[in-house]
file work_38.txt (compact mmCIF, C-alpha atoms)
# COMPACT_ATOMS: atom_id res chain seq x y z
CA MET W 1 -68.12 5.42 24.64
CA ASN W 2 -64.66 6.66 25.49
CA ASP W 3 -62.55 6.64 22.32
CA SER W 4 -59.36 6.39 24.32
CA LYS W 5 -60.26 2.85 25.46
CA ILE W 6 -59.74 1.28 22.05
CA ASN W 7 -57.26 1.73 19.26
CA LEU W 8 -59.34 3.19 16.47
CA LEU W 9 -59.00 1.51 13.10
CA GLU W 10 -57.54 3.62 10.34
CA ALA W 11 -56.86 2.90 6.70
CA PRO W 12 -55.70 4.85 3.68
CA PHE W 13 -58.32 5.03 0.94
CA GLU W 14 -57.90 5.82 -2.70
CA LEU W 15 -60.86 6.77 -4.83
CA SER W 16 -60.06 6.99 -8.50
CA TYR W 17 -61.95 6.66 -11.71
CA LYS W 18 -61.64 7.65 -15.32
CA TYR W 19 -64.39 9.01 -17.48
CA LYS W 20 -64.81 10.50 -20.90
CA ARG W 21 -66.27 13.90 -21.45
CA SER W 22 -67.02 16.08 -24.41
CA SER W 23 -65.89 19.68 -24.26
CA GLY W 24 -68.72 20.78 -26.52
CA PRO W 25 -68.45 23.05 -29.58
CA VAL W 26 -67.26 26.21 -27.78
CA MET W 27 -64.85 24.77 -25.25
CA SER W 28 -63.42 22.45 -27.90
CA LYS W 29 -62.23 25.56 -29.80
CA PHE W 30 -60.60 26.81 -26.60
CA PHE W 31 -58.74 23.54 -25.99
CA GLU W 32 -57.74 23.13 -29.65
CA GLY W 33 -56.36 26.66 -29.52
CA LEU W 34 -54.20 25.84 -26.52
CA SER W 35 -52.51 23.05 -28.50
CA GLN W 36 -51.59 25.74 -31.11
CA LYS W 37 -50.32 28.09 -28.39
CA LYS W 38 -53.36 30.34 -28.77
CA ILE W 39 -55.84 31.35 -26.08
CA PHE W 40 -59.42 31.81 -27.30
CA GLY W 41 -62.27 33.58 -25.62
CA THR W 42 -65.84 34.31 -26.65
CA LYS W 43 -67.37 37.72 -27.26
CA SER W 44 -70.92 38.74 -26.41
CA LYS W 45 -73.16 41.16 -28.35
CA ALA W 46 -72.25 43.76 -25.72
CA GLN W 47 -68.57 43.24 -26.70
CA LYS W 48 -67.71 41.58 -23.40
CA VAL W 49 -64.91 39.05 -23.88
CA PHE W 50 -64.90 35.91 -21.76
CA ALA W 51 -61.59 34.05 -21.45
CA PRO W 52 -61.40 31.16 -21.02
CA ALA W 53 -64.21 30.88 -23.56
CA ALA W 54 -67.64 30.75 -21.95
CA GLU W 55 -70.61 29.08 -23.62
CA TYR W 56 -73.14 31.52 -22.21
CA ASP W 57 -73.10 35.03 -20.80
CA PRO W 58 -74.01 34.47 -17.14
CA ASP W 59 -75.70 37.89 -16.96
CA THR W 60 -77.80 37.85 -20.14
CA ARG W 61 -77.95 34.08 -20.87
CA GLU W 62 -76.84 34.90 -24.42
CA ALA W 63 -75.31 31.90 -26.19
CA LEU W 64 -71.75 32.89 -27.07
CA THR W 65 -70.39 31.71 -30.41
CA GLU W 66 -68.00 34.46 -31.60
CA ILE W 67 -64.48 33.24 -30.93
CA VAL W 68 -61.76 35.84 -30.34
CA GLU W 69 -58.09 35.39 -29.57
CA VAL W 70 -56.82 36.95 -26.36
CA GLY W 71 -53.46 37.17 -24.60
CA PRO W 72 -51.11 35.44 -24.60
CA GLY W 73 -50.02 37.87 -21.89
CA GLY W 74 -52.21 38.91 -19.03
CA THR W 75 -52.46 40.66 -15.68
CA ILE W 76 -52.64 39.14 -12.21
CA GLU W 77 -56.01 40.00 -10.68
CA SER W 78 -55.60 37.91 -7.57
CA TRP W 79 -53.22 35.24 -6.37
CA SER W 80 -52.56 32.74 -3.61
CA TRP W 81 -49.08 31.41 -2.83
CA VAL W 82 -48.56 27.66 -2.43
CA ASN W 83 -45.39 27.31 -0.42
CA SER W 84 -45.42 23.52 -0.01
CA PRO W 85 -47.00 21.87 -3.07
CA ARG W 86 -48.80 18.63 -2.28
CA SER W 87 -48.53 15.43 -4.29
CA HIS W 88 -51.56 16.30 -6.45
CA HIS W 89 -50.22 19.69 -7.50
CA LEU W 90 -48.77 19.86 -11.00
CA LEU W 91 -45.80 21.98 -9.97
CA LYS W 92 -43.37 20.57 -7.45
CA THR W 93 -41.74 23.85 -6.41
CA PRO W 94 -43.48 26.80 -4.71
CA PHE W 95 -45.91 28.60 -7.02
CA ALA W 96 -49.01 30.77 -6.99
CA PHE W 97 -52.52 30.01 -8.10
CA ALA W 98 -53.61 33.17 -9.82
CA LEU W 99 -56.61 34.70 -11.53
CA ILE W 100 -55.14 36.08 -14.74
CA LYS W 101 -57.01 38.57 -16.88
CA LEU W 102 -55.65 37.90 -20.36
CA ASP W 103 -54.99 40.87 -22.61
CA GLY W 104 -58.21 41.71 -24.45
CA ALA W 105 -60.42 39.78 -22.02
CA ASP W 106 -62.91 41.08 -19.47
CA THR W 107 -62.85 38.03 -17.23
CA ALA W 108 -60.02 36.20 -15.49
CA MET W 109 -58.69 32.66 -15.90
CA LEU W 110 -57.35 30.51 -13.08
CA HIS W 111 -53.85 29.21 -13.69
CA MET W 112 -50.46 29.03 -12.00
CA VAL W 113 -47.57 31.48 -11.81
CA SER W 114 -44.14 29.99 -11.23
CA ASP W 115 -40.41 30.72 -11.53
CA CYS W 116 -40.70 33.58 -9.04
CA ASP W 117 -40.67 34.31 -5.33
CA GLU W 118 -43.74 35.16 -3.32
CA SER W 119 -42.36 38.67 -2.78
CA ASP W 120 -42.21 39.23 -6.57
CA LEU W 121 -45.98 38.93 -6.90
CA SER W 122 -48.58 41.64 -6.68
CA ILE W 123 -51.96 42.41 -8.17
CA GLY W 124 -51.53 44.13 -11.54
CA LYS W 125 -48.24 42.40 -12.48
CA LYS W 126 -47.98 41.32 -16.11
CA VAL W 127 -47.50 37.63 -16.89
CA LEU W 128 -46.76 35.47 -19.94
CA PRO W 129 -47.58 31.80 -20.55
CA VAL W 130 -44.96 29.07 -20.74
CA TRP W 131 -46.26 26.57 -23.28
CA SER W 132 -45.94 22.81 -23.09
CA GLU W 133 -43.95 21.18 -25.88
CA ASN W 134 -46.30 18.18 -25.75
CA PRO W 135 -49.77 19.66 -26.13
CA THR W 136 -52.79 17.48 -25.45
CA GLU W 137 -55.59 20.03 -26.02
CA ALA W 138 -55.91 20.57 -22.29
CA ILE W 139 -55.46 23.47 -19.90
CA THR W 140 -52.08 21.91 -19.05
CA ASP W 141 -50.87 22.92 -22.54
CA ILE W 142 -49.91 26.02 -20.58
CA ASN W 143 -47.35 24.75 -18.06
CA TYR W 144 -47.69 27.93 -16.01
CA PHE W 145 -47.31 31.68 -16.35
CA ILE W 146 -44.16 33.67 -15.56
CA LEU W 147 -43.74 37.31 -14.69
CA GLU W 148 -43.02 39.53 -17.69
CA SER W 149 -39.45 40.81 -17.34
CA MET U 1 -69.83 3.33 -26.98
CA SER U 2 -66.52 1.81 -28.05
CA ASP U 3 -63.44 4.00 -28.25
CA ASP U 4 -63.27 4.06 -32.05
CA GLN U 5 -66.88 5.28 -32.30
CA ALA U 6 -66.42 8.06 -29.75
CA PRO U 7 -66.69 11.60 -31.10
CA LYS U 8 -63.30 13.16 -31.68
CA ASP U 9 -63.79 15.70 -28.95
CA TYR U 10 -64.32 13.15 -26.18
CA LYS U 11 -61.45 13.42 -23.75
CA GLU U 12 -60.34 11.07 -21.04
CA SER U 13 -60.54 12.71 -17.64
CA PHE U 14 -60.08 11.34 -14.18
CA ILE U 15 -60.97 11.91 -10.59
CA HIS U 16 -58.46 10.87 -7.97
CA LEU U 17 -58.79 11.29 -4.22
CA GLU U 18 -56.58 9.96 -1.46
CA TYR U 19 -57.68 10.11 2.12
CA GLN U 20 -57.17 8.53 5.52
CA TYR U 21 -60.28 6.94 6.99
CA THR U 22 -60.67 6.73 10.76
CA ALA U 23 -63.38 4.28 11.71
CA GLY U 24 -64.48 5.80 15.02
CA SER U 25 -65.27 3.80 18.15
CA ALA U 26 -68.53 2.12 17.08
CA THR U 27 -67.24 0.96 13.70
CA THR U 28 -63.89 -0.07 15.19
CA THR U 29 -65.64 -2.23 17.79
CA PHE U 30 -67.90 -3.71 15.11
CA LEU U 31 -65.04 -4.51 12.72
CA ASN U 32 -62.91 -6.00 15.52
CA GLN U 33 -65.79 -8.46 16.07
CA VAL U 34 -66.23 -9.04 12.33
CA LYS U 35 -62.57 -10.05 12.20
CA GLU U 36 -63.45 -12.82 14.68
CA GLY U 37 -66.45 -13.91 12.61
CA ARG U 38 -69.09 -12.26 14.80
CA LEU U 39 -71.77 -9.70 13.96
CA VAL U 40 -72.38 -7.42 16.94
CA GLY U 41 -74.80 -4.53 16.73
CA GLN U 42 -75.61 -1.83 19.22
CA SER U 43 -78.99 -1.00 20.70
CA CYS U 44 -80.45 2.28 21.80
CA PRO U 45 -80.97 2.42 25.59
CA LYS U 46 -84.18 4.41 25.05
CA CYS U 47 -86.09 3.00 22.05
CA LYS U 48 -84.25 -0.37 22.03
CA ALA U 49 -83.63 -0.21 18.26
CA VAL U 50 -80.75 -2.46 17.21
CA TYR U 51 -78.31 -1.04 14.66
CA VAL U 52 -75.93 -3.13 12.59
CA PRO U 53 -73.42 -1.97 11.54
CA PRO U 54 -73.59 0.39 14.53
CA ARG U 55 -72.69 4.04 14.11
CA GLY U 56 -72.53 4.80 17.82
CA SER U 57 -75.75 6.74 18.15
CA CYS U 58 -79.48 6.40 17.64
CA PRO U 59 -80.69 8.82 14.95
CA ARG U 60 -84.24 8.53 16.31
CA CYS U 61 -83.43 9.43 19.93
CA GLY U 62 -80.18 11.31 19.42
CA ILE U 63 -78.33 9.40 22.14
CA ALA U 64 -75.32 7.06 22.22
CA THR U 65 -75.90 3.35 21.57
CA SER U 66 -73.45 1.76 23.96
CA ILE U 67 -75.26 -1.58 24.53
CA GLU U 68 -73.61 -4.36 22.51
CA VAL U 69 -76.02 -6.88 20.96
CA PRO U 70 -74.58 -10.12 19.50
CA LEU U 71 -76.52 -11.10 16.39
CA THR U 72 -76.93 -14.20 14.28
CA ASP U 73 -75.65 -14.26 10.70
CA LYS U 74 -79.13 -15.21 9.52
CA GLY U 75 -81.70 -12.79 8.22
CA CYS U 76 -83.88 -11.98 5.26
CA VAL U 77 -83.78 -10.02 2.03
CA GLU U 78 -85.49 -6.73 2.71
CA SER U 79 -85.02 -5.49 -0.85
CA PHE U 80 -82.66 -6.21 -3.71
CA THR U 81 -81.52 -5.08 -7.11
CA VAL U 82 -80.02 -6.95 -10.05
CA VAL U 83 -76.87 -5.24 -11.28
CA HIS U 84 -76.34 -5.58 -15.05
CA ILE U 85 -73.82 -2.80 -15.67
CA PRO U 86 -70.16 -3.52 -14.86
CA ILE U 87 -68.40 -1.00 -12.65
CA PRO U 88 -64.74 -0.44 -13.63
CA GLY U 89 -62.44 -2.05 -11.09
CA ASN U 90 -65.19 -4.18 -9.56
CA PRO U 91 -64.15 -7.85 -9.78
CA ILE U 92 -67.76 -9.12 -9.60
CA VAL U 93 -69.09 -10.02 -13.04
CA PRO U 94 -72.68 -8.92 -13.79
CA PRO U 95 -75.41 -9.86 -13.56
CA TYR U 96 -75.31 -10.12 -9.79
CA VAL U 97 -77.61 -9.22 -6.92
CA CYS U 98 -77.09 -6.56 -4.27
CA ALA U 99 -79.55 -6.87 -1.41
CA MET U 100 -80.44 -5.08 1.76
CA ILE U 101 -80.03 -7.82 4.38
CA ARG U 102 -82.04 -7.53 7.58
CA LEU U 103 -80.43 -9.70 10.26
CA ASP U 104 -82.74 -11.29 12.80
CA GLU U 105 -83.23 -9.00 15.82
CA ALA U 106 -81.80 -6.01 13.91
CA ASP U 107 -83.83 -2.91 13.14
CA ILE U 108 -81.86 -1.76 10.12
CA SER U 109 -80.49 -3.57 7.09
CA PHE U 110 -77.15 -3.38 5.32
CA LEU U 111 -76.05 -3.92 1.75
CA HIS U 112 -74.46 -7.21 0.71
CA LEU U 113 -74.50 -9.78 -2.08
CA VAL U 114 -76.90 -12.68 -2.54
CA GLN U 115 -75.63 -15.71 -4.44
CA ASP U 116 -76.01 -19.51 -4.66
CA ILE U 117 -79.43 -19.04 -6.24
CA GLU U 118 -80.79 -18.27 -9.70
CA ILE U 119 -81.33 -14.52 -9.94
CA ASP U 120 -84.98 -14.89 -10.94
CA GLN U 121 -85.61 -16.93 -7.79
CA ILE U 122 -84.54 -14.16 -5.42
CA ARG U 123 -87.43 -12.44 -3.66
CA ILE U 124 -88.12 -9.96 -0.91
CA GLY U 125 -88.59 -11.76 2.40
CA MET U 126 -86.37 -14.71 1.43
CA ARG U 127 -84.42 -16.19 4.35
CA VAL U 128 -80.64 -16.06 3.95
CA GLN U 129 -77.49 -16.79 5.92
CA ALA U 130 -73.93 -15.47 5.61
CA VAL U 131 -71.40 -17.56 3.70
CA TRP U 132 -68.08 -16.78 5.33
CA LYS U 133 -64.65 -16.86 3.75
CA PRO U 134 -62.13 -19.30 5.27
CA LYS U 135 -61.15 -18.12 8.75
CA ASP U 136 -57.52 -17.43 7.78
CA GLU U 137 -58.74 -14.78 5.31
CA TRP U 138 -60.73 -12.80 7.87
CA THR U 139 -59.87 -9.10 8.16
CA HIS U 140 -61.56 -5.97 9.51
CA SER U 141 -64.14 -6.06 6.73
CA LEU U 142 -67.66 -7.26 5.94
CA GLU U 143 -65.98 -8.86 2.92
CA ASN U 144 -65.25 -11.69 5.39
CA ILE U 145 -68.76 -12.65 4.32
CA LYS U 146 -68.55 -13.73 0.68
CA TRP U 147 -72.27 -13.35 0.20
CA PHE U 148 -75.61 -14.36 1.69
CA ALA U 149 -77.16 -17.62 0.48
CA PRO U 150 -80.73 -18.86 0.79
CA ILE U 151 -81.65 -21.22 3.64
CA ASP U 152 -84.57 -23.58 3.80
CA GLU U 153 -86.90 -21.56 5.98
CA PRO U 154 -90.28 -19.95 5.19
CA ASP U 155 -90.24 -16.45 3.71
CA VAL U 156 -90.77 -13.52 6.04
CA ASP U 157 -93.51 -10.92 5.57
CA VAL U 158 -91.27 -7.85 5.48
CA SER U 159 -94.14 -5.60 6.54
CA THR U 160 -93.71 -7.19 10.00
CA LEU U 161 -90.15 -5.85 10.12
CA ARG U 162 -91.27 -2.27 10.53
CA PHE U 163 -89.72 -0.77 13.63
CA LYS U 164 -91.98 -0.59 16.64
CA PRO U 165 -90.64 1.69 19.38
CA SER U 166 -90.78 0.00 22.75
call {"tool": "encode", "arguments": {"input": "work_38.txt", "output": "structure tokens"}}
result
Amino acid sequence: MNDSKINLLEAPFELSYKYKRSSGPVMSKFFEGLSQKKIFGTKSKAQKVFAPAAEYDPDTREALTEIVEVGPGGTIESWSWVNSPRSHHLLKTPFAFALIKLDGADTAMLHMVSDCDESDLSIGKKVLPVWSENPTEAITDINYFILES
Amino acid sequence: MSDDQAPKDYKESFIHLEYQYTAGSATTTFLNQVKEGRLVGQSCPKCKAVYVPPRGSCPRCGIATSIEVPLTDKGCVESFTVVHIPIPGNPIVPPYVCAMIRLDEADISFLHLVQDIEIDQIRIGMRVQAVWKPKDEWTHSLENIKWFAPIDEPDVDVSTLRFKPS
């Protein structure tokens, strides 16, 4: 059938639902820490530090229970500039999604870097978190990271 | 579990997606007919299978189904389930019955509600007919049919509904 013969029906759809989830014993420590402006990771027997805290070492399957504080500063490992934030983005002005390796950690955490231009960013730049004044024990307790001046 | 019994570490989360749905030619044609109170399927030119709602192609033969087939709003319950758990945002109060309705002359069934009967009386093979909303409420939606209700006709042996390629 030739689509051009009829006006195709279109409609906006919205799919939305709430649910409750438990963060579990390890991730709960991580989220509680954020509300106290601390970033917690977990350390394996081989002294590898995962931040954000991981429940298991993906290589050895070791259950990780030793909590260590990392950061708050970190280093940009990789980044992607968002020039035109969409409605669902938390920041309304241009920003970067970045993988940030927090000081003392061996893994990187995905967050945002803002208050800068795209040309200011490069791999290896140091960043610092900007904390929310209304913490809710969520990853959004860090508003975003800024470049260390 | 009520909120006050929930463990302290339970957090409210949400999923939210917005998107634009384009119906495509087969669904558009079908819904334009539904808006006028008609159920029109499409049949495969090769195996003659009748699809309702039509998707524009025959998955068995892999060819377009361009032949329009007007259908009755009568059929039978091919299978059903009793829903006891409320779904947030769903205005229908449990328990209620969702059924796969096989319209006469159709070779596939679609999901709709069965009402106007005690739940424990509903059975596979039961004859039903669409109960339409008032005409002034008709839109491009199968919700123009409020539900399917039983009619006084003998049950159908659903094993006879199996598709026979012609």
call {"tool": "interface_residues", "arguments": {"input": "work_38.txt", "of": "chain U", "to": "chain W", "cutoff": "7 Å", "atoms": "only C-alpha atoms", "output": "NGL selection string"}}
result
:U and (9-25 or 28 or 66)
call {"tool": "residues_around", "arguments": {"input": "work_38.txt", "residues": "range 148-154 of chain U", "least_positions_apart": "3", "cutoff": "10 Å", "atoms": "only C-alpha atoms", "output": "PyMOL selection string"}}
result
chain U and resi 73-77+98-99+101+112-117+122+125-132+145+157
call {"tool": "residues_around", "arguments": {"input": "work_38.txt", "residues": "Arg60 in chain U", "least_positions_apart": "5", "cutoff": "10 Å", "atoms": "all atoms listed in the file", "output": "list of chain:residue names"}}
result
U:Cys44, U:Lys46, U:Cys47, U:Ala49, U:Pro165
call {"tool": "axis_aligned_box", "arguments": {"input": "work_38.txt", "around": "range 108-124 of chain W", "padding_each_side": "4 Å", "output": "lines of an AutoDock Vina configuration file"}}
result
center_x = -50.2
center_y = 36.6
center_z = -9.3
size_x = 27.6
size_y = 23.1
size_z = 21.1
call {"tool": "closest_residue", "arguments": {"input": "work_38.txt", "among": "W:Leu34, W:Leu102, W:Ala108, W:Ala96", "to": "Pro72 in chain W", "atoms": "all atoms listed in the file"}}
result
W:Leu102
call {"tool": "atom_distance", "arguments": {"input": "work_38.txt", "atom1": "CA of Leu91 in chain W", "atom2": "CA of Glu55 in chain W"}}
result
29.2 Å
call {"tool": "closest_residue", "arguments": {"input": "work_38.txt", "among": "W:Ala105, W:Ile76, W:Lys125, W:Asn143", "to": "Ala51 in chain W", "atoms": "all atoms listed in the file"}}
result
W:Ala105
call {"tool": "residues_around", "arguments": {"input": "work_38.txt", "residues": "Ser141 in chain U", "least_positions_apart": "6", "cutoff": "10 Å", "atoms": "only C-alpha atoms", "output": "ChimeraX atom specification"}}
result
/U:30-35
call {"tool": "build_atoms", "arguments": {"input": "work_38.txt", "residues": "range 117-141 of chain U", "atoms": "N, CA and C atoms", "output": "mmCIF file, keeping the file's coordinate frame"}}
result
data_model
loop_
_atom_site.group_PDB
_atom_site.id
_atom_site.type_symbol
_atom_site.label_atom_id
_atom_site.label_comp_id
_atom_site.auth_asym_id
_atom_site.auth_seq_id
_atom_site.Cartn_x
_atom_site.Cartn_y
_atom_site.Cartn_z
ATOM 1 N N ILE U 117 -78.037 -18.903 -5.836
ATOM 2 C CA ILE U 117 -79.430 -19.040 -6.240
ATOM 3 C C ILE U 117 -79.598 -18.369 -7.591
ATOM 4 N N GLU U 118 -80.505 -18.926 -8.427
ATOM 5 C CA GLU U 118 -80.790 -18.270 -9.700
ATOM 6 C C GLU U 118 -81.375 -16.884 -9.423
ATOM 7 N N ILE U 119 -80.919 -15.903 -10.207
ATOM 8 C CA ILE U 119 -81.330 -14.520 -9.940
ATOM 9 C C ILE U 119 -82.852 -14.375 -9.950
ATOM 10 N N ASP U 120 -83.522 -15.084 -10.861
ATOM 11 C CA ASP U 120 -84.980 -14.890 -10.940
ATOM 12 C C ASP U 120 -85.721 -15.597 -9.811
ATOM 13 N N GLN U 121 -84.975 -16.290 -8.947
ATOM 14 C CA GLN U 121 -85.610 -16.930 -7.790
ATOM 15 C C GLN U 121 -85.532 -16.059 -6.537
ATOM 16 N N ILE U 122 -84.719 -15.006 -6.605
ATOM 17 C CA ILE U 122 -84.540 -14.160 -5.420
ATOM 18 C C ILE U 122 -85.790 -13.314 -5.207
ATOM 19 N N ARG U 123 -86.204 -13.192 -3.954
ATOM 20 C CA ARG U 123 -87.430 -12.440 -3.660
ATOM 21 C C ARG U 123 -87.309 -11.747 -2.306
ATOM 22 N N ILE U 124 -88.058 -10.672 -2.184
ATOM 23 C CA ILE U 124 -88.120 -9.960 -0.910
ATOM 24 C C ILE U 124 -88.723 -10.885 0.135
ATOM 25 N N GLY U 125 -88.106 -10.908 1.323
ATOM 26 C CA GLY U 125 -88.590 -11.760 2.400
ATOM 27 C C GLY U 125 -87.906 -13.110 2.479
ATOM 28 N N MET U 126 -87.072 -13.422 1.457
ATOM 29 C CA MET U 126 -86.370 -14.710 1.430
ATOM 30 C C MET U 126 -85.377 -14.811 2.587
ATOM 31 N N ARG U 127 -85.354 -15.975 3.233
ATOM 32 C CA ARG U 127 -84.420 -16.190 4.350
ATOM 33 C C ARG U 127 -83.022 -16.502 3.806
ATOM 34 N N VAL U 128 -82.016 -15.866 4.401
ATOM 35 C CA VAL U 128 -80.640 -16.060 3.950
ATOM 36 C C VAL U 128 -79.702 -16.172 5.158
ATOM 37 N N GLN U 129 -78.517 -16.707 4.878
ATOM 38 C CA GLN U 129 -77.490 -16.790 5.920
ATOM 39 C C GLN U 129 -76.144 -16.445 5.289
ATOM 40 N N ALA U 130 -75.254 -15.868 6.104
ATOM 41 C CA ALA U 130 -73.930 -15.470 5.610
ATOM 42 C C ALA U 130 -73.110 -16.691 5.207
ATOM 43 N N VAL U 131 -72.393 -16.561 4.102
ATOM 44 C CA VAL U 131 -71.400 -17.560 3.700
ATOM 45 C C VAL U 131 -70.036 -16.908 3.919
ATOM 46 N N TRP U 132 -69.334 -17.413 4.919
ATOM 47 C CA TRP U 132 -68.080 -16.780 5.330
ATOM 48 C C TRP U 132 -66.907 -17.294 4.509
ATOM 49 N N LYS U 133 -65.938 -16.434 4.326
ATOM 50 C CA LYS U 133 -64.650 -16.860 3.750
ATOM 51 C C LYS U 133 -63.946 -17.779 4.759
ATOM 52 N N PRO U 134 -62.916 -18.512 4.309
ATOM 53 C CA PRO U 134 -62.130 -19.300 5.270
ATOM 54 C C PRO U 134 -61.564 -18.374 6.361
ATOM 55 N N LYS U 135 -61.507 -18.923 7.579
ATOM 56 C CA LYS U 135 -61.150 -18.120 8.750
ATOM 57 C C LYS U 135 -59.798 -17.404 8.584
ATOM 58 N N ASP U 136 -58.853 -18.042 7.899
ATOM 59 C CA ASP U 136 -57.520 -17.430 7.780
ATOM 60 C C ASP U 136 -57.526 -16.213 6.843
ATOM 61 N N GLU U 137 -58.659 -15.954 6.184
ATOM 62 C CA GLU U 137 -58.740 -14.780 5.310
ATOM 63 C C GLU U 137 -59.495 -13.625 5.971
ATOM 64 N N TRP U 138 -59.919 -13.823 7.228
ATOM 65 C CA TRP U 138 -60.730 -12.800 7.870
ATOM 66 C C TRP U 138 -59.909 -11.548 8.177
ATOM 67 N N THR U 139 -60.489 -10.395 7.858
ATOM 68 C CA THR U 139 -59.870 -9.100 8.160
ATOM 69 C C THR U 139 -60.922 -8.208 8.817
ATOM 70 N N HIS U 140 -60.591 -6.925 8.957
ATOM 71 C CA HIS U 140 -61.560 -5.970 9.510
ATOM 72 C C HIS U 140 -62.511 -5.507 8.415
ATOM 73 N N SER U 141 -63.297 -6.437 7.864
ATOM 74 C CA SER U 141 -64.140 -6.060 6.730
ATOM 75 C C SER U 141 -65.343 -6.977 6.621
#
